[in-house]
Structure formats: C-alpha cells, structure tokens
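I have placed the structure first, in the form of structure tokens, so that the comments after it can refer back to it.
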Amino acid sequence: MAQVTLVDTGSAADSPGGPDHPDGPDHPDGRDGTDHLDGAGRAVVDRPEVPAGGPVTARRWMPLPLWAATLLAAVAGPVMLVAFPPYGWWWAAPVAVAAAAVAVHGRRLRAGFGLGLLTGAGFFAPLLEWTNLHTGMVPWLLLSTLQALFIGLLGAATAWISPLRARAWLWAPAVAALWTAQEALRDRAPFGGFPWGRLAFSQDTSPLLRLAAAGGAPLVTFAVALTGALLAVPLLRTSTPHDPARARVTPGWSRRVNLLAGPAAAVLVVGAALLAPVHRPTGPAVYVAVVQGNVPRLGLDFNEQRRAVLDNHVRATVELGRAVTQDGARRPDLVVWPENSSDIDPLRNADAAAAISAAARAVGVPILVGAVLTDPDVGVENAGLVWEPDVDAAGNPRQGGVSSRYTKRHPVPFAETMPLRDIARIVSKEVDRVSDMTPGHTPGVLRVGPATVGDVICFEVAYDGLVRDTVTGGAQLLAVQTNNATFDEAEARQQLAMVRLRAVEHGRDALMASTVGISAFADAAGGTDQETRFNEAAVIAGELHLGSARTLATALGAGPEYVIVVLGIAALAAAAAVRRRHRTRPTEEDV
C-alpha cells in the first residue's frame, strides 16, 4: 500500500476524515483505506499501490471552509430577492444560484440541507413579508419556513451530485434540473402548492423571458439555474496531487480557458434566448377598459367596506359611460372589474344587482365583475361574472344580467380555505376569519362582448395548468382579476411579473385588474402599458389583439417540466453510481 500524507491546514470540522471534508467517510471521493497519524502528527491515508501503467491522480472536489460556505449561503438568499419585483435586477438570480451551488458543493447531505435552508430563509422571509401586514408574524414565519424547507432539500440534492463536477457539462445542467424539480414539487405540495418565488417569475425584464413561449415557466427557471451553475463552475475548489506529467500537458493558457469557459457559456445561454421567437396575436383588436375602484382603507377588513368598494367601481364605470356619451370618448368593447369588486352577492342582493346593472347600462357593454357568491347550498365562491347591460349601445332594450360565470378553482390555502383548521386554531384564533371557499371545476373561458376571455383569479396566475386550460379552451386574451388590498405594492408587482410571463408563454395579450393596483396591460412580447399607481382609483383603456394560435409551450403543456424533472432524478442516480465506484476502486476516471 502507498501512503499519502495530508497536512491539516483547516479547522477540525474541515479536517481529513471530518464530516464535511472530501476525504470524510461519506464523501464522494473517499477511498477505502486506513487513516492514522505519523510520528509528526500528520494524517496518513493508506492508498492502493500505483498501478504499473502509471500514477493514478485522484482529484478531490473540496468544499469551502464551513465559515465561508455559511456566509455564501446566507448571502445567496438576499441576492436572489433583489432579482424579483419591486427591485427587478433579474441578473441577480443566476448569481444567487451560483452562490448557493458553491456553498453546498462537496458537503454531506445534512450540511447541504442546512446551508440550503439558510439560503431559503434569507430569500423567502423578505419576499413574502407582505403576508404579515395584516395577519401578524405567525402566518408569515410559518409560510416562509415551509418554503425554505424546499430550498433545504435542493441544497442536499445539489451536495449529493458533487461528484458530477468531474464533467462540468453534466454537473451544470444537473443543478438546473434540480432547481426545476424543486419548483415542480413546491408548486404542488402541500395543500396544492405555493409557486411564489419561482426563478422564472424574476425574469420579466430579462432576455430569458422569451423562452416561456417554448417551454413555459419551467424552461425559464431551467435557463436561469443553468446560467447560474455555469457561473459557478470555475469557483468550485479542486485538489489534485502534484503530477509533473499532467502539469506539462495542462499549460497556463489552458487553465485560463477552463476558468472562462463556464461564464462564457452562461453568457451564450442568455444571448441565445434573444433568438427565441415570441408569438404576437394577429387577430382583430378589441378596446378594453379596466376599472380600479380602490377601497376606503387597506387591510383585512376591506370586505367590511364592501358596499363602498362596490360603489367605487360603479361610480368609475358610470363616469366612463358619461365620457363616452357626452365627451366623445371611445366606447370600450368590454369592461373588466377586479376580484372582490362586489363582495355583496349580486345574485342574492337586489341592491347590488341594481348597482351593477346601472353601471353596465351607463357604459353600454358587458362587465366582467369579480364577486363573492354565498349560495347556502353551494358555499362561498370567488367568481367572475359576465354582466350584460339591459340596453345595447344604441339604447335598445335587451336581456341584461349574468350571461356566464367562472368560479375560482384554486382557493388560496390559509387565506380562502383553512387546511388543518383545528391545529391552526391553536396557533391563532384569527383562523376562523377565513371561510372555506368552494372551488370551481371548469376553466375560466368566458365570452365577454366580442372576445373570448381566459379568466384567472388572483394567485391562480402562478399555476401553470390553470392558465393553460383557458387558452386550450379557446381564450383569445387573458384577464387576471385580483385584489391586493390586503397586501402591498411589492406583492402586486410580483403578480404583474407573472402576468407578463403568461402573456409570452401563451402568445396572448393580457390584463391585470386590481382593486387597489397595480392594474396594467401586458402584451405577448412581455411589455406592459398603463400601469396604475398603488392605492389610487383609476380607469385605463387600451387595444388588445385577439389570439388563436398556440405557442409551443401551450401545445406541450407540462411536458418540458416532466422531462427536466426526469433529468434531475437521473442526475441523482448518476451521482449515486459515481459514489459507489469511488468507494470500491480508484481509476483513471477519477482524474
């Protein structure tokens, strides 16, 4: 047996044989052998004799010192945060991915999980801070911790695939696939998932947004994470015993090329995205008005001001009608009100119905109304109602009232439905303020005037399938009805970024209608127009083009995501195989 002497230059935690050292018992490059101390107190590892064919140069993929890895993981979370609205520094997302990947590289599973959890907490706690504005700290901390656990799992998985770094072309896509797989899991579980904070939603002003038309949000996330992993490649530490022969065939210029290859490839990924086509709708234009009526005051008690909120939207719509009939303003083809614009059930309350009918009559076109319905036989529903005027644009009588409706299919856990209510009540008595809303089961494809509208309500815009269903069902444009009165401008801007991605993904012009803002139009190239101010009453109107063609993302649906998830699973399996091989015998492949 040959002996290799290792000089301990680090802390006990990072010393040979320690829990996080490459030569620790569970490290991917650990070898069978006996560690002992020589007479000078240095660690000596027995290794197999050098084969006759020449020396075996064992390259070990080394973790950072624990203090440095901890610092890097702690910084990665806030760096990722500023990639998202309201900051919008999209390039920070791949930088954060790189930092997180370097921090966990070469670590054991438990260390990878802990470092990932640290990154997740530093990201989700400030990202979701708007959830504690009116509900207190407990729900915010619970939600942030739950989401951070997924990043912890990602950290453990990324640590596990450290052996794949021997082939950077395999390691970088594997990291990207694991990011995408983590989001796929978080989007679905628990309680139907919570997709907020997906990497794709940070790219609303990035060239990578164009990839949404090819593979949806999962492909954008994959591209962001791939860019970050490529940036990380030259930062990963390696240790190779001195080999003069190898030194002769690896000149300095080659090493410099190796250092630049990863970042250069990252730049190519972003640049290539600029070549991805977007699909603008080519159908006729419709003139759409969005009414942002505002609320008397922000907070959870907005529904206690429900008559005032309804009156605000009626008043603004009547004024729009007056501008059309008296001032020569252009008449819209349809009007969109936000979610919760009528929290008084207009199907059961004659006064609310009369007020909405008056607004529709004044403007002379149908209104898509956001309403809360309270049928005792069905339960509470969050719905979009198409309210027809009882006169046409020429003033001729016609059948008015509700012509079609959509019921929100994914009530928000802990906001519109309360999972584990009895347990949650132990934490806070406020849980009983949340009613369990009855979900709908039909995609929101509604005929509103001359347009077939894909209606999604509030957080539903974050879920891939709920938006796609409306487009495959025939939607020609997308409408997102939302109520941001219980949150703040940061949450509203994060939601608008999702609307922009959906417009590109499906090749549809889109709008976001909010009670308090932000309301805006988004085109199929990802641009926005007429963004309103937060907590102000406003009416915006603009032309949106109707679309009928399907993008590749629409046609493929969840297919790209499934493929990427399978790649992530394959990477985990490949890393397991490398670990087993390294535990049994050193080979030239270790070089």
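Simple scheme: letters A, B, ... for chains in structure tokens order, numbers from 1 for residues in each chain, numbers from 1 for ligands in the order shown.
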Original post:
If you count only C-alpha atoms, which residues fall within 9 Å of stretch 200-217 of chain A, apart from same-chain ones fewer than 2 positions away, as a PyMOL selection string?
Top reply: chain A and resi 80-85+88-91+93+196-198+219-224+269-279+462+464+494-498+500-507+525-527+551-554+556-561
Original post:
Could you pull out the strand (DSSP E) residues of stretch 403-496 of chain A from DSSP and send them as a ChimeraX atom specification?
Top reply: /A:403-407,445-448,451-457,477-482
Could you save those same residues with C-alpha atoms as a PDB file, in the first residue's frame?
ATOM      1  CA  SER A 403     -74.705  35.508 -19.003  1.00  0.00           C
ATOM      2  CA  SER A 404     -71.837  33.283 -17.806  1.00  0.00           C
ATOM      3  CA  ARG A 405     -69.588  32.799 -14.814  1.00  0.00           C
ATOM      4  CA  TYR A 406     -66.311  31.338 -13.630  1.00  0.00           C
ATOM      5  CA  THR A 407     -65.630  30.068 -10.113  1.00  0.00           C
ATOM      6  CA  VAL A 445     -63.309  30.605 -20.581  1.00  0.00           C
ATOM      7  CA  LEU A 446     -65.915  33.370 -20.840  1.00  0.00           C
ATOM      8  CA  ARG A 447     -67.472  35.196 -23.757  1.00  0.00           C
ATOM      9  CA  VAL A 448     -67.354  38.901 -22.903  1.00  0.00           C
ATOM     10  CA  ALA A 451     -63.817  38.462 -27.064  1.00  0.00           C
ATOM     11  CA  THR A 452     -63.365  35.038 -25.510  1.00  0.00           C
ATOM     12  CA  VAL A 453     -61.554  35.825 -22.278  1.00  0.00           C
ATOM     13  CA  GLY A 454     -59.385  33.466 -20.232  1.00  0.00           C
ATOM     14  CA  ASP A 455     -60.265  34.476 -16.681  1.00  0.00           C
ATOM     15  CA  VAL A 456     -57.972  33.572 -13.786  1.00  0.00           C
ATOM     16  CA  ILE A 457     -58.421  34.987 -10.315  1.00  0.00           C
ATOM     17  CA  LEU A 477     -56.891  37.110 -24.371  1.00  0.00           C
ATOM     18  CA  LEU A 478     -56.081  36.711 -20.668  1.00  0.00           C
ATOM     19  CA  ALA A 479     -57.649  38.608 -17.763  1.00  0.00           C
ATOM     20  CA  VAL A 480     -56.312  38.356 -14.215  1.00  0.00           C
ATOM     21  CA  GLN A 481     -58.778  39.657 -11.639  1.00  0.00           C
ATOM     22  CA  THR A 482     -57.063  40.322  -8.328  1.00  0.00           C
TER      23      THR A 482
END
Subject >> Shell around stretch 116-130 of chain A at 6 Å using only C-alpha atoms, local window under 5 positions removed, as a list of chain:residue names >> reply: A:Ala73, A:Ala74, A:Ala76, A:Gly77, A:Pro78, A:Leu81, A:Ser144, A:Ala148, A:Leu149, A:Ile151, A:Gly152, A:Gly155, A:Phe487
Original post:
Quick one: residues within 7 Å of A:Ala172, only C-alpha atoms counted, chain neighbours fewer than 3 positions away excluded, as a VMD selection string?
Top reply: chain A and resid 168 to 169 175 to 176 226 229 to 230
Subject >> For A:Ala355, the nearest of the candidates A:Glu416, A:Asp311, A:Glu543, A:Asp436, counting only C-alpha atoms >> reply: A:Asp311
**OP:** Considering only C-alpha atoms, return as a PyMOL selection string whatever protein or nucleic-acid residues lie within 9 Å of A:Ile540, sequence-local ones (same chain, fewer than 4 positions apart) excluded.
**Re:** chain A and resi 288-292+519-521+530-532
Emit the selected residues as an mmCIF file, in the first residue's frame, including N, CA and C atoms.
data_model
loop_
_atom_site.group_PDB
_atom_site.id
_atom_site.type_symbol
_atom_site.label_atom_id
_atom_site.label_comp_id
_atom_site.auth_asym_id
_atom_site.auth_seq_id
_atom_site.Cartn_x
_atom_site.Cartn_y
_atom_site.Cartn_z
ATOM 1 N N VAL A 288 -60.459 47.575 -24.532
ATOM 2 C CA VAL A 288 -60.818 47.073 -23.205
ATOM 3 C C VAL A 288 -60.571 48.155 -22.163
ATOM 4 N N ALA A 289 -61.526 48.322 -21.261
ATOM 5 C CA ALA A 289 -61.363 49.233 -20.127
ATOM 6 C C ALA A 289 -61.233 48.422 -18.846
ATOM 7 N N VAL A 290 -60.312 48.827 -17.990
ATOM 8 C CA VAL A 290 -60.108 48.205 -16.676
ATOM 9 C C VAL A 290 -60.403 49.255 -15.618
ATOM 10 N N VAL A 291 -61.274 48.907 -14.687
ATOM 11 C CA VAL A 291 -61.673 49.833 -13.626
ATOM 12 C C VAL A 291 -61.006 49.414 -12.321
ATOM 13 N N GLN A 292 -60.224 50.313 -11.757
ATOM 14 C CA GLN A 292 -59.593 50.121 -10.444
ATOM 15 C C GLN A 292 -60.273 51.086 -9.479
ATOM 16 N N SER A 519 -52.916 47.785 -11.692
ATOM 17 C CA SER A 519 -53.611 47.309 -12.878
ATOM 18 C C SER A 519 -52.771 47.704 -14.093
ATOM 19 N N ALA A 520 -52.822 46.888 -15.139
ATOM 20 C CA ALA A 520 -51.993 47.168 -16.317
ATOM 21 C C ALA A 520 -52.396 46.259 -17.458
ATOM 22 N N PHE A 521 -51.913 46.603 -18.650
ATOM 23 C CA PHE A 521 -51.995 45.734 -19.817
ATOM 24 C C PHE A 521 -50.614 45.134 -20.077
ATOM 25 N N GLN A 530 -49.630 51.323 -19.348
ATOM 26 C CA GLN A 530 -50.612 51.986 -18.489
ATOM 27 C C GLN A 530 -50.670 51.373 -17.079
ATOM 28 N N GLU A 531 -49.533 51.134 -16.483
ATOM 29 C CA GLU A 531 -49.518 50.638 -15.108
ATOM 30 C C GLU A 531 -50.069 51.721 -14.178
ATOM 31 N N THR A 532 -51.024 51.340 -13.346
ATOM 32 C CA THR A 532 -51.623 52.297 -12.422
ATOM 33 C C THR A 532 -50.780 52.414 -11.159
#
